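Report on the structure given below.
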Amino acid sequence: MTDTEPATEQTPVAVRVQILATEHWSLLATRQLAWTEAFTRAGLFLTVLSAAVVALALVAQTGEDFSMFALVLLPVVLLLGLATFLRLAEINDEDAWLLIGMNRLRRGYFDIAPELEPYFVTSGRDDRAGLLTTRGLDVMARMPLPVQVVVSTPVVIGVLDAVVFGAIGGIVAGVAGLSTGPAVGVGVLAGLLLTGLLAFVPSRHLGAWKTYRPRFPRPVHASAPAPGSSGAGASPRQGGEPS
């Protein structure tokens, strides 16, 4: 070191832990807000959908113009459902990035006190397997990717959206003069069409795995972790952003 270079001192361990903990709690609070919004949006959509079904059933019993009432009510329900689906997909992305940050901070804890790592059930790795371990879904890492997608909340909401859209299509076809059989066929085709369009959203998110590169991946030569360790339960994938 020359005389003109400033002297550098290593940050004390206590200060490093305090900084890591502050950031960790900040990410945790943000993640809690995101999950609260997700539950609220999904619950609101399901409540409105249930109320709409009850209202349609009552209108059908009264003999009023069912088709007109349905064509006024169901598009509003569909709009709410589509907004819920898209927002849940975004919340999943936000949650994944928050988990990446928390796993990296946990890696910082382990670097300071490596002897504590076996006592953590969460991971200090920011690859896909490490994120699934932190979520408590390390078993799902060994499941086929389509299964992981199907059981997600956005997909459930998307299927309900497709059913509502199919019902709208069938009612419109009936109002246009088609008989029951062709009208049902139009409704089924409409539902399948929306399902295909909505499928592009999770597939786009899953495709982001190809560009993501973890900073602290699990070593390829590492053996399977023992129960209670912070390692992943499946072989890590070297890239990707979870959905």
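In the structure tokens, each chain is lettered A, B, ... as it comes, each chain's residues begin at 1, and ligands are numbered from 1 in order of appearance.
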From the DSSP assignment of the backbone, select every residue of range 6-132 of chain A that is alpha helix (DSSP H), and format the answer as JSON, numbers by chain. {"A": [13, 14, 15, 16, 17, 18, 19, 20, 21, 22, 23, 24, 25, 26, 27, 28, 29, 30, 31, 32, 33, 34, 35, 36, 37, 38, 39, 40, 41, 42, 43, 44, 45, 46, 47, 48, 49, 50, 51, 52, 53, 54, 55, 56, 57, 58, 59, 60, 61, 62, 66, 67, 68, 69, 70, 71, 72, 73, 74, 75, 76, 77, 78, 79, 80, 81, 82, 83, 84, 85, 86, 87, 88, 89, 90, 91, 92, 93, 94, 95, 96, 97, 98, 99, 100, 101, 102, 103, 104, 105, 106, 107, 108, 109, 110, 111, 112, 128, 129, 130, 131, 132]}
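Counting only C-alpha atoms, the residue from A:Leu58, A:Glu64, A:Gln32, A:Gly108 that sits nearest to Gln18 in chain A is A:Gly108.
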Among the residues A:Phe216, A:Phe110, A:Phe120, A:Trp35, the one that comes closest to Glu90 in chain A [using only C-alpha atoms]: A:Trp35
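With only C-alpha atoms as the atoms that count, the residue of A:Ile112, A:Val156, A:Ala70, A:Leu20 with the shortest distance to Phe45 in chain A is A:Val156.
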May I have a table of the residues of range 54-155 of chain A lying at most 8 Å from range 160-177 of chain A, giving each one's closest pair of atoms and their distance in Å to one decimal, counting only C-alpha atoms, ordered by chain and ascending residue number, as a tab-separated table?
```
residue	atom	partner	partner_atom	distance
A:Ser67	CA	A:Ile171	CA	6.4
A:Ala70	CA	A:Ile168	CA	7.7
A:Leu71	CA	A:Ile168	CA	6.7
A:Leu74	CA	A:Ile168	CA	6.8
A:Pro75	CA	A:Ile168	CA	7.5
A:Val77	CA	A:Val164	CA	7.8
A:Leu78	CA	A:Asp161	CA	6.0
A:Gly81	CA	A:Asp161	CA	5.7
A:Leu82	CA	A:Asp161	CA	6.6
```
Given the selection you just returned, output its residues as a file containing C-alpha atoms, formatted as a tab-separated table (two decimals), in the first residue's frame.
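Written out: part.tsv:
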```
chain	number	residue	atom	x	y	z
A	67	SER	CA	-78.97	-13.62	-20.43
A	70	ALA	CA	-75.44	-12.50	-16.95
A	71	LEU	CA	-73.83	-10.49	-19.75
A	74	LEU	CA	-70.01	-11.89	-15.67
A	75	PRO	CA	-67.70	-9.50	-17.60
A	77	VAL	CA	-66.28	-10.82	-12.57
A	78	LEU	CA	-63.96	-11.78	-15.43
A	81	GLY	CA	-60.37	-12.40	-12.16
A	82	LEU	CA	-57.91	-11.42	-14.88
```
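Nearest to Ala89 in chain A of all the residues A:Val54, A:Ala42, A:Leu116, A:Leu33 is A:Ala42, counting only C-alpha atoms.
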Quick one: pull the distance between CA of Arg215 in chain A and CA of Tyr109 in chain A, Å, one decimal. 15.3 Å
Counting only C-alpha atoms, closest pick from A:Ser26, A:Thr36, A:Ser152, A:Gln61 relative to Leu99 in chain A is A:Ser26
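Among A:Val13, A:Val59, A:Val155, A:Val186, the residue with the shortest atom-to-atom distance to Leu86 in chain A, counting only C-alpha atoms, is A:Val155.
Atom to atom, CA of Thr195 in chain A and CA of Thr211 in chain A stand 26.2 Å apart.
Neighbours of Leu28 in chain A closer than or equal to 12 Å, with only C-alpha atoms counted and sequence neighbours fewer than 4 positions away skipped, come out as Ala21, Thr22, Glu23, His24, Gln32, Leu33, Ala34, Trp35, Glu94, Asp95, Trp97, Leu98, Leu99, Ile100, Gly101, Met102, Asn103 and Leu105 of chain A.
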